[in-house]
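Undergrad: What follows is a structure written as structure tokens; I'll ask about it next.
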Amino acid sequence: MMFALVDCNNFYVSCERVFNPHLNNRPVVVLSNNDGCVIARSNESKSLGILMGEPAFKNKKLYEKYNVATLSSNFALYGDMSQRVMSVISQNSPALEIYSIDEAFIDLSGIRYEKLLPKLIQLKIVVERWTGIPVSIGAARTKTLSKVANYKAKRSSGIKILTDPSDINSVLNKLKVRDLWGVGRRLEIILNNHGINNALELREQKQEWIRKHMTVVGERLQTELKGNVCYQLQINPANKKQICTSRSFGHLVKELSKLEQATSMYATRCAEKLRQQNSCASVIRVFLHTNPFRKQLPQYRNISFIKLPVSSNSTLQIAKAALLGLKTIFKAGYSYQKVGVIVEDIVSNKNIQANLFDVQNHKKERALMIAMDEVNHLNGQDTVKVATQGFLRPWKMRQKNISPCYTTRWNDFITVQL
Amino acid sequence: MRYRDKKELQFHPISKYKSFEIPLMSSTVAAGFPSPAEDHLDLPIDLNEYLVKHPAATFYVRVQGESMDDAGIHPGDLLIVDRSEPYVTASIVLAVLDGEFTVKKLMKKNGSLYLISSNLSYKPIKIEVESDFKVWGVVTYIIHRAL
């Protein structure tokens, strides 16, 4: 077997740079929703010592001194660019597993060893040329090792083939266990406490010990590090079984009316996602909770459950059910930090069970949703919306410095002055 | 019946990017004369097929300014830019020069690269070795509103 992991370099920053050349050769960071923390850094920002996850402007002076470009996240743009990257990779390799927004595994088993490097170089060039996004590629005999190879590729020329046994040993010997696929903070502490600090020590550990302390997941990790395949390519990911939209409020909220507006907006997002993947849901849940860290305030959390008579992806149906659900769990007198909407029991919209007592005019509502999606696609999210979303948006995301949706909105295309 | 001649089976590829509607003819009048058009259904025309050869590498750009008037590019036009197309001399390209986007005709002369405006009142721009220059993509179509 031979796998490769293709990983986009500093993906969000790279997306922004494709359309804004002023961002080249200078430190850039992209912030999380609400402009909270750093979620992507250019290499220049990394060398300044800016850390992943640190609050933006924690070190305002440093940002000012080095003129760090600070951008709000633009997930409409990143999503579209991701699809383009994945599409180019899949056109150039036989089988592909989209692992995350910026990573894909490919199967290279059919390729002769001496053809491997030219093939990977060509793939890297084509992806960069077609999409403008630079990628790193690591190839090895298992997915876990290809992830290790990718880690090396990122820190060298961008391509690494890791198959030679002594090469593998020396790479694993220098790799901290936390940089392995599937090893989190907690596991790292356990391993370090037992004197296992690098990946080679983990691989050489006795199997019984691994099984006892790391369960079957650890055993698989070890097997894969030895070069034996446990994880195959997952080529057909199922549609999502559950869609959740929620966000914390910028400040605590007491009034039902504000919760209703936020709930309405999250229900709208869920319905849009359902329509995008051509599916419908029949269970609508709403949850809300107070801030558990504000111990001096009274605490409350709850979740509601409503089953629709017929599965739906209509914003009207889902928002109505969500609001009803919210009313059943809302209690006055608490300061809420978060509310969210979850839709479940998702089916393809071709397999909808009809209901004898159904009184909705589904045809008319479908037409309405199509019209609504088109208007919003053309003019921006929430141009047309259900009135329960309200017009004041105290919870709306803070996105002070968001770039245009260059690839997905008619009014946002790049404009060139001739 | 046996399907001996497999050649009669034809597969029509479906566009990966845009889902288009398939015209659905429903004969609601069961007893009436069936529509003679029903056997001759076709898909509606999708301009993407004509304008976009490589969806993953194609981007849209709006232009302002008059320097490319004589190449048929007018203010407000929409350009279709394909990053996967090779550029040759005389290609109209979207390029980045010293951090700014521009649309020009590419020319090679005496070993040097030039960006040429089609409007002669603008001078050709020579690409110096030290300038920060990159061809971003090739302009494949110009969409101009006639009304």
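Identifiers in the structure tokens: chain A, B, ... in order shown; residue index from 1 per chain; ligand index from 1 in order shown.
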With a distance threshold of 9 Å and counting only C-alpha atoms, extract the residues of chain B near chain A and express them as number ranges by chain.

TA: B: 54-68, 75, 82-85, 94, 96, 98-104, 117, 136-137

Undergrad: Mind checking which residues fall within 8 Å of region 332-336 of chain A, counting only C-alpha atoms, ignoring those fewer than 6 positions away in the same chain, and posting them as a PDB file with N, CA and C atoms, in the first residue's frame?

TA:
ATOM      1  N   LEU A 252     -23.928  38.161  28.032  1.00  0.00           N
ATOM      2  CA  LEU A 252     -25.028  37.323  28.500  1.00  0.00           C
ATOM      3  C   LEU A 252     -26.374  37.946  28.143  1.00  0.00           C
ATOM      4  N   VAL A 253     -27.356  37.080  27.829  1.00  0.00           N
ATOM      5  CA  VAL A 253     -28.662  37.541  27.345  1.00  0.00           C
ATOM      6  C   VAL A 253     -29.758  37.021  28.274  1.00  0.00           C
ATOM      7  N   LYS A 254     -30.701  37.897  28.639  1.00  0.00           N
ATOM      8  CA  LYS A 254     -31.774  37.495  29.544  1.00  0.00           C
ATOM      9  C   LYS A 254     -33.127  37.377  28.847  1.00  0.00           C
ATOM     10  N   GLU A 255     -33.352  38.233  27.846  1.00  0.00           N
ATOM     11  CA  GLU A 255     -34.692  38.348  27.277  1.00  0.00           C
ATOM     12  C   GLU A 255     -35.010  37.209  26.321  1.00  0.00           C
ATOM     13  N   LEU A 256     -36.252  36.738  26.391  1.00  0.00           N
ATOM     14  CA  LEU A 256     -36.720  35.700  25.487  1.00  0.00           C
ATOM     15  C   LEU A 256     -36.657  36.194  24.039  1.00  0.00           C
ATOM     16  N   LEU A 288     -30.078  25.472  25.296  1.00  0.00           N
ATOM     17  CA  LEU A 288     -29.565  26.745  25.798  1.00  0.00           C
ATOM     18  C   LEU A 288     -28.911  26.519  27.145  1.00  0.00           C
ATOM     19  N   HIS A 289     -27.934  27.355  27.457  1.00  0.00           N
ATOM     20  CA  HIS A 289     -27.359  27.263  28.793  1.00  0.00           C
ATOM     21  C   HIS A 289     -26.772  28.591  29.244  1.00  0.00           C
ATOM     22  N   THR A 290     -26.624  28.680  30.553  1.00  0.00           N
ATOM     23  CA  THR A 290     -26.009  29.858  31.158  1.00  0.00           C
ATOM     24  C   THR A 290     -24.500  29.666  31.116  1.00  0.00           C
ATOM     25  N   ASN A 291     -23.752  30.626  31.604  1.00  0.00           N
ATOM     26  CA  ASN A 291     -22.299  30.522  31.583  1.00  0.00           C
ATOM     27  C   ASN A 291     -21.792  29.750  32.806  1.00  0.00           C
ATOM     28  N   LEU A 297     -23.625  33.293  39.416  1.00  0.00           N
ATOM     29  CA  LEU A 297     -24.951  33.445  38.795  1.00  0.00           C
ATOM     30  C   LEU A 297     -25.710  32.123  38.854  1.00  0.00           C
ATOM     31  N   PRO A 298     -27.063  32.173  38.918  1.00  0.00           N
ATOM     32  CA  PRO A 298     -27.828  30.917  38.903  1.00  0.00           C
ATOM     33  C   PRO A 298     -27.616  30.167  37.584  1.00  0.00           C
ATOM     34  N   GLN A 299     -27.482  28.858  37.672  1.00  0.00           N
ATOM     35  CA  GLN A 299     -27.152  28.054  36.495  1.00  0.00           C
ATOM     36  C   GLN A 299     -28.354  27.268  35.992  1.00  0.00           C
ATOM     37  N   TYR A 300     -28.446  27.154  34.673  1.00  0.00           N
ATOM     38  CA  TYR A 300     -29.535  26.393  34.078  1.00  0.00           C
ATOM     39  C   TYR A 300     -29.127  25.949  32.691  1.00  0.00           C
TER      40      TYR A 300
END

Undergrad: Would you list, as a CSV table (one decimal) with all heavy atoms, in the first residue's frame, the residues of region 21-201 of chain A that end up in strand (DSSP E or B) under DSSP run on this structure's backbone?

TA:
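Saved result, part-v5.csv, follows:
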chain,number,residue,atom,x,y,z
A,28,VAL,N,0.4,37.5,8.4
A,28,VAL,CA,-1.1,37.6,8.3
A,28,VAL,C,-1.6,36.6,9.3
A,28,VAL,O,-1.1,35.5,9.5
A,28,VAL,CB,-1.5,37.1,6.9
A,28,VAL,CG1,-3.1,37.2,6.8
A,28,VAL,CG2,-0.9,38.0,5.8
A,29,VAL,N,-2.7,36.9,10.0
A,29,VAL,CA,-3.4,36.0,10.8
A,29,VAL,C,-4.9,36.0,10.4
A,29,VAL,O,-5.4,37.1,10.0
A,29,VAL,CB,-3.3,36.2,12.3
A,29,VAL,CG1,-1.8,36.0,12.8
A,29,VAL,CG2,-3.8,37.6,12.7
A,30,VAL,N,-5.6,34.9,10.6
A,30,VAL,CA,-7.0,34.8,10.4
A,30,VAL,C,-7.6,34.5,11.8
A,30,VAL,O,-7.1,33.6,12.5
A,30,VAL,CB,-7.5,33.8,9.4
A,30,VAL,CG1,-9.0,33.7,9.3
A,30,VAL,CG2,-6.9,34.2,8.0
A,31,LEU,N,-8.7,35.2,12.2
A,31,LEU,CA,-9.3,35.0,13.5
A,31,LEU,C,-10.5,34.2,13.4
A,31,LEU,O,-11.2,34.0,12.4
A,31,LEU,CB,-9.7,36.4,14.1
A,31,LEU,CG,-8.5,37.4,14.1
A,31,LEU,CD1,-9.0,38.7,14.7
A,31,LEU,CD2,-7.4,36.9,15.0
A,37,CYS,N,-9.9,34.4,18.5
A,37,CYS,CA,-8.6,33.9,18.6
A,37,CYS,C,-8.0,33.6,17.2
A,37,CYS,O,-8.7,33.6,16.2
A,37,CYS,CB,-8.5,32.5,19.3
A,37,CYS,SG,-9.6,32.4,20.7
A,38,VAL,N,-6.7,33.5,17.2
A,38,VAL,CA,-5.9,33.2,16.0
A,38,VAL,C,-6.2,31.8,15.5
A,38,VAL,O,-6.0,30.8,16.3
A,38,VAL,CB,-4.4,33.4,16.2
A,38,VAL,CG1,-3.7,33.0,14.9
A,38,VAL,CG2,-4.2,34.9,16.5
A,39,ILE,N,-6.7,31.6,14.3
A,39,ILE,CA,-6.9,30.2,13.9
A,39,ILE,C,-6.1,29.8,12.6
A,39,ILE,O,-6.1,28.7,12.2
A,39,ILE,CB,-8.4,29.9,13.6
A,39,ILE,CG1,-9.0,30.9,12.6
A,39,ILE,CG2,-9.2,29.8,14.8
A,39,ILE,CD1,-10.4,30.5,12.0
A,40,ALA,N,-5.4,30.8,12.1
A,40,ALA,CA,-4.5,30.5,11.0
A,40,ALA,C,-3.4,31.6,10.9
A,40,ALA,O,-3.7,32.8,11.2
A,40,ALA,CB,-5.3,30.5,9.6
A,41,ARG,N,-2.2,31.1,10.6
A,41,ARG,CA,-1.1,32.1,10.6
A,41,ARG,C,-0.2,31.9,9.3
A,41,ARG,O,0.0,30.7,8.9
A,41,ARG,CB,-0.2,31.8,11.8
A,41,ARG,CG,-0.8,31.8,13.1
A,41,ARG,CD,0.0,31.1,14.2
A,41,ARG,NE,0.1,29.7,13.9
A,41,ARG,CZ,1.0,28.9,14.4
A,41,ARG,NH1,1.9,29.4,15.3
A,41,ARG,NH2,1.0,27.6,14.1
A,55,PRO,N,-5.5,34.7,21.9
A,55,PRO,CA,-6.5,35.8,21.7
A,55,PRO,C,-5.9,36.8,20.8
A,55,PRO,O,-4.7,37.1,20.9
A,55,PRO,CB,-6.8,36.3,23.1
A,55,PRO,CG,-6.3,35.3,24.0
A,55,PRO,CD,-5.2,34.5,23.4
A,69,ALA,N,-1.3,41.7,9.3
A,69,ALA,CA,-2.7,41.8,8.8
A,69,ALA,C,-3.6,40.9,9.5
A,69,ALA,O,-3.3,39.7,9.6
A,69,ALA,CB,-2.7,41.5,7.3
A,70,THR,N,-4.7,41.4,10.1
A,70,THR,CA,-5.5,40.7,11.0
A,70,THR,C,-6.9,40.6,10.3
A,70,THR,O,-7.6,41.5,10.2
A,70,THR,CB,-5.7,41.4,12.3
A,70,THR,OG1,-4.4,41.7,12.8
A,70,THR,CG2,-6.3,40.5,13.4
A,71,LEU,N,-7.3,39.3,9.9
A,71,LEU,CA,-8.5,39.2,9.1
A,71,LEU,C,-9.5,38.4,9.9
A,71,LEU,O,-9.2,37.5,10.6
A,71,LEU,CB,-8.2,38.4,7.8
A,71,LEU,CG,-7.1,39.1,6.9
A,71,LEU,CD1,-6.7,38.2,5.8
A,71,LEU,CD2,-7.7,40.4,6.3
A,72,SER,N,-10.8,38.8,9.7
A,72,SER,CA,-11.9,37.9,10.2
A,72,SER,C,-12.0,36.7,9.3
A,72,SER,O,-11.6,36.8,8.1
A,72,SER,CB,-13.2,38.7,10.1
A,72,SER,OG,-13.1,39.9,10.8
A,95,ALA,N,-8.0,7.7,-6.2
A,95,ALA,CA,-9.0,7.6,-5.1
A,95,ALA,C,-8.6,8.7,-4.1
A,95,ALA,O,-7.4,8.9,-3.8
A,95,ALA,CB,-9.0,6.2,-4.5
A,96,LEU,N,-9.6,9.3,-3.5
A,96,LEU,CA,-9.4,10.4,-2.6
A,96,LEU,C,-10.4,10.4,-1.4
A,96,LEU,O,-11.5,10.1,-1.6
A,96,LEU,CB,-9.7,11.7,-3.4
A,96,LEU,CG,-10.0,13.0,-2.7
A,96,LEU,CD1,-8.8,14.0,-2.8
A,96,LEU,CD2,-11.2,13.7,-3.3
A,97,GLU,N,-9.8,10.7,-0.3
A,97,GLU,CA,-10.7,10.8,0.9
A,97,GLU,C,-10.5,12.2,1.4
A,97,GLU,O,-9.4,12.6,1.8
A,97,GLU,CB,-10.3,9.8,2.0
A,97,GLU,CG,-11.0,10.1,3.3
A,97,GLU,CD,-10.4,9.3,4.5
A,97,GLU,OE1,-9.7,8.3,4.3
A,97,GLU,OE2,-10.7,9.8,5.7
A,98,ILE,N,-11.6,13.0,1.4
A,98,ILE,CA,-11.5,14.4,1.9
A,98,ILE,C,-11.5,14.3,3.5
A,98,ILE,O,-12.5,13.8,4.0
A,98,ILE,CB,-12.6,15.2,1.4
A,98,ILE,CG1,-12.6,15.3,-0.1
A,98,ILE,CG2,-12.6,16.6,2.1
A,98,ILE,CD1,-13.7,16.0,-0.7
A,99,TYR,N,-10.4,14.6,4.1
A,99,TYR,CA,-10.3,14.4,5.5
A,99,TYR,C,-10.7,15.6,6.3
A,99,TYR,O,-11.3,15.5,7.4
A,99,TYR,CB,-8.8,14.0,5.8
A,99,TYR,CG,-8.6,13.7,7.3
A,99,TYR,CD1,-9.2,12.6,7.9
A,99,TYR,CD2,-7.9,14.5,8.1
A,99,TYR,CE1,-9.1,12.3,9.2
A,99,TYR,CE2,-7.7,14.3,9.5
A,99,TYR,CZ,-8.3,13.2,10.0
A,99,TYR,OH,-8.2,12.9,11.3
A,100,SER,N,-10.4,16.8,5.8
A,100,SER,CA,-10.9,18.0,6.4
A,100,SER,C,-11.0,19.1,5.4
A,100,SER,O,-10.7,18.8,4.2
A,100,SER,CB,-9.9,18.4,7.6
A,100,SER,OG,-8.7,18.9,7.0
A,103,GLU,N,-7.3,19.1,4.0
A,103,GLU,CA,-6.5,17.9,3.9
A,103,GLU,C,-7.2,16.8,3.1
A,103,GLU,O,-8.4,16.6,3.3
A,103,GLU,CB,-6.2,17.3,5.3
A,103,GLU,CG,-5.4,18.1,6.2
A,103,GLU,CD,-5.5,17.6,7.6
A,103,GLU,OE1,-6.5,17.7,8.2
A,103,GLU,OE2,-4.5,16.9,8.1
A,104,ALA,N,-6.5,16.0,2.3
A,104,ALA,CA,-7.0,14.9,1.7
A,104,ALA,C,-6.0,13.7,1.6
A,104,ALA,O,-4.8,14.0,1.4
A,104,ALA,CB,-7.5,15.2,0.3
A,105,PHE,N,-6.5,12.5,1.8
A,105,PHE,CA,-5.7,11.3,1.6
A,105,PHE,C,-5.9,10.8,0.2
A,105,PHE,O,-7.0,10.8,-0.2
A,105,PHE,CB,-6.1,10.2,2.6
A,105,PHE,CG,-5.6,10.5,4.0
A,105,PHE,CD1,-6.5,10.8,5.0
A,105,PHE,CD2,-4.3,10.3,4.4
A,105,PHE,CE1,-6.1,11.0,6.3
A,105,PHE,CE2,-3.8,10.5,5.7
A,105,PHE,CZ,-4.7,10.9,6.7
A,106,ILE,N,-4.8,10.4,-0.4
A,106,ILE,CA,-5.0,9.7,-1.7
A,106,ILE,C,-4.3,8.4,-1.7
A,106,ILE,O,-3.4,8.1,-0.9
A,106,ILE,CB,-4.5,10.5,-2.9
A,106,ILE,CG1,-3.1,11.0,-2.7
A,106,ILE,CG2,-5.4,11.7,-3.1
A,106,ILE,CD1,-2.5,11.8,-3.8
A,107,ASP,N,-4.8,7.4,-2.5
A,107,ASP,CA,-4.2,6.1,-2.6
A,107,ASP,C,-3.3,6.0,-3.8
A,107,ASP,O,-3.7,6.3,-4.9
A,107,ASP,CB,-5.4,5.1,-2.7
A,107,ASP,CG,-4.9,3.7,-2.8
A,107,ASP,OD1,-3.7,3.5,-2.8
A,107,ASP,OD2,-5.8,2.8,-2.7
A,135,VAL,N,0.5,23.5,-1.5
A,135,VAL,CA,0.2,22.3,-0.7
A,135,VAL,C,1.5,21.6,-0.3
A,135,VAL,O,2.5,21.8,-1.0
A,135,VAL,CB,-0.7,21.3,-1.4
A,135,VAL,CG1,-2.1,21.9,-1.6
A,135,VAL,CG2,-0.1,20.9,-2.7
A,136,SER,N,1.5,20.8,0.7
A,136,SER,CA,2.6,19.9,1.1
A,136,SER,C,2.1,18.5,1.0
A,136,SER,O,0.9,18.2,1.3
A,136,SER,CB,3.1,20.1,2.5
A,136,SER,OG,3.5,21.4,2.6
A,137,ILE,N,2.9,17.6,0.5
A,137,ILE,CA,2.5,16.2,0.3
A,137,ILE,C,3.4,15.2,1.0
A,137,ILE,O,4.7,15.3,0.8
A,137,ILE,CB,2.4,15.8,-1.2
A,137,ILE,CG1,1.6,16.9,-1.9
A,137,ILE,CG2,1.8,14.4,-1.3
A,137,ILE,CD1,1.5,16.6,-3.4
A,138,GLY,N,2.9,14.3,1.8
A,138,GLY,CA,3.7,13.3,2.5
A,138,GLY,C,3.2,11.9,2.1
A,138,GLY,O,2.0,11.7,2.1
A,139,ALA,N,4.1,11.1,1.6
A,139,ALA,CA,3.6,9.7,1.2
A,139,ALA,C,4.3,8.7,2.0
A,139,ALA,O,5.5,8.8,2.4
A,139,ALA,CB,4.0,9.5,-0.3
A,140,ALA,N,3.6,7.6,2.4
A,140,ALA,CA,4.1,6.5,3.2
A,140,ALA,C,3.2,5.3,3.0
A,140,ALA,O,2.2,5.4,2.4
A,140,ALA,CB,4.3,6.9,4.6
A,159,ILE,N,7.5,18.2,-0.2
A,159,ILE,CA,7.2,16.8,-0.6
A,159,ILE,C,8.1,15.9,0.2
A,159,ILE,O,9.3,16.1,0.3
A,159,ILE,CB,7.4,16.5,-2.1
A,159,ILE,CG1,6.3,17.3,-2.9
A,159,ILE,CG2,7.2,15.0,-2.4
A,159,ILE,CD1,6.4,17.2,-4.4
A,160,LYS,N,7.6,14.8,0.8
A,160,LYS,CA,8.4,13.8,1.5
A,160,LYS,C,7.8,12.4,1.3
A,160,LYS,O,6.7,12.2,1.5
A,160,LYS,CB,8.4,14.2,3.0
A,160,LYS,CG,9.1,13.2,3.9
A,160,LYS,CD,10.6,13.3,3.8
A,160,LYS,CE,11.3,12.2,4.5
A,160,LYS,NZ,12.7,12.2,4.3
A,161,ILE,N,8.7,11.6,0.8
A,161,ILE,CA,8.3,10.2,0.7
A,161,ILE,C,9.0,9.4,1.8
A,161,ILE,O,10.3,9.4,1.9
A,161,ILE,CB,8.7,9.6,-0.7
A,161,ILE,CG1,7.9,10.3,-1.8
A,161,ILE,CG2,8.3,8.1,-0.7
A,161,ILE,CD1,8.3,10.0,-3.2
A,162,LEU,N,8.3,8.8,2.7
A,162,LEU,CA,8.8,8.2,3.9
A,162,LEU,C,8.6,6.7,3.8
A,162,LEU,O,7.6,6.2,4.3
A,162,LEU,CB,8.2,8.8,5.1
A,162,LEU,CG,8.8,8.5,6.5
A,162,LEU,CD1,10.2,8.9,6.6
A,162,LEU,CD2,7.9,9.1,7.6
A,176,LYS,N,7.7,14.4,18.4
A,176,LYS,CA,7.0,14.3,19.7
A,176,LYS,C,5.7,13.6,19.6
A,176,LYS,O,5.1,13.7,18.5
A,176,LYS,CB,6.7,15.8,20.2
A,176,LYS,CG,8.0,16.5,20.6
A,176,LYS,CD,7.6,17.7,21.5
A,176,LYS,CE,8.8,18.5,21.9
A,176,LYS,NZ,9.2,19.6,20.9
A,198,ASN,N,8.8,10.4,22.4
A,198,ASN,CA,8.8,10.5,20.9
A,198,ASN,C,8.1,9.3,20.3
A,198,ASN,O,7.8,8.3,20.9
A,198,ASN,CB,10.2,10.7,20.3
A,198,ASN,CG,11.1,9.5,20.5
A,198,ASN,OD1,10.7,8.4,20.2
A,198,ASN,ND2,12.3,9.7,21.1

Undergrad: Determine, counting only C-alpha atoms, which protein, DNA and RNA residues have an atom within 8 Å of an atom of region 220-228 of chain A; residues of the same chain fewer than 6 positions away are not included. Present the result as JSON, numbers by chain.

TA: {"A": [141, 142, 143, 144, 145, 202, 203]}

Undergrad: If you run DSSP over the backbone, which residues in region 245-315 of chain A end up alpha helix (DSSP H)? Put them as a list in words.

TA: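 Filtering region 245-315 of chain A down to alpha helix (DSSP H) leaves Leu256, Ser257, Lys258, Leu259, Glu260, Gln261, Ala262, Thr263, Ser264, Met265, Tyr266, Ala267, Thr268, Arg269, Cys270, Ala271, Glu272, Lys273, Leu274, Arg275, Gln276 and Thr315 of chain A.
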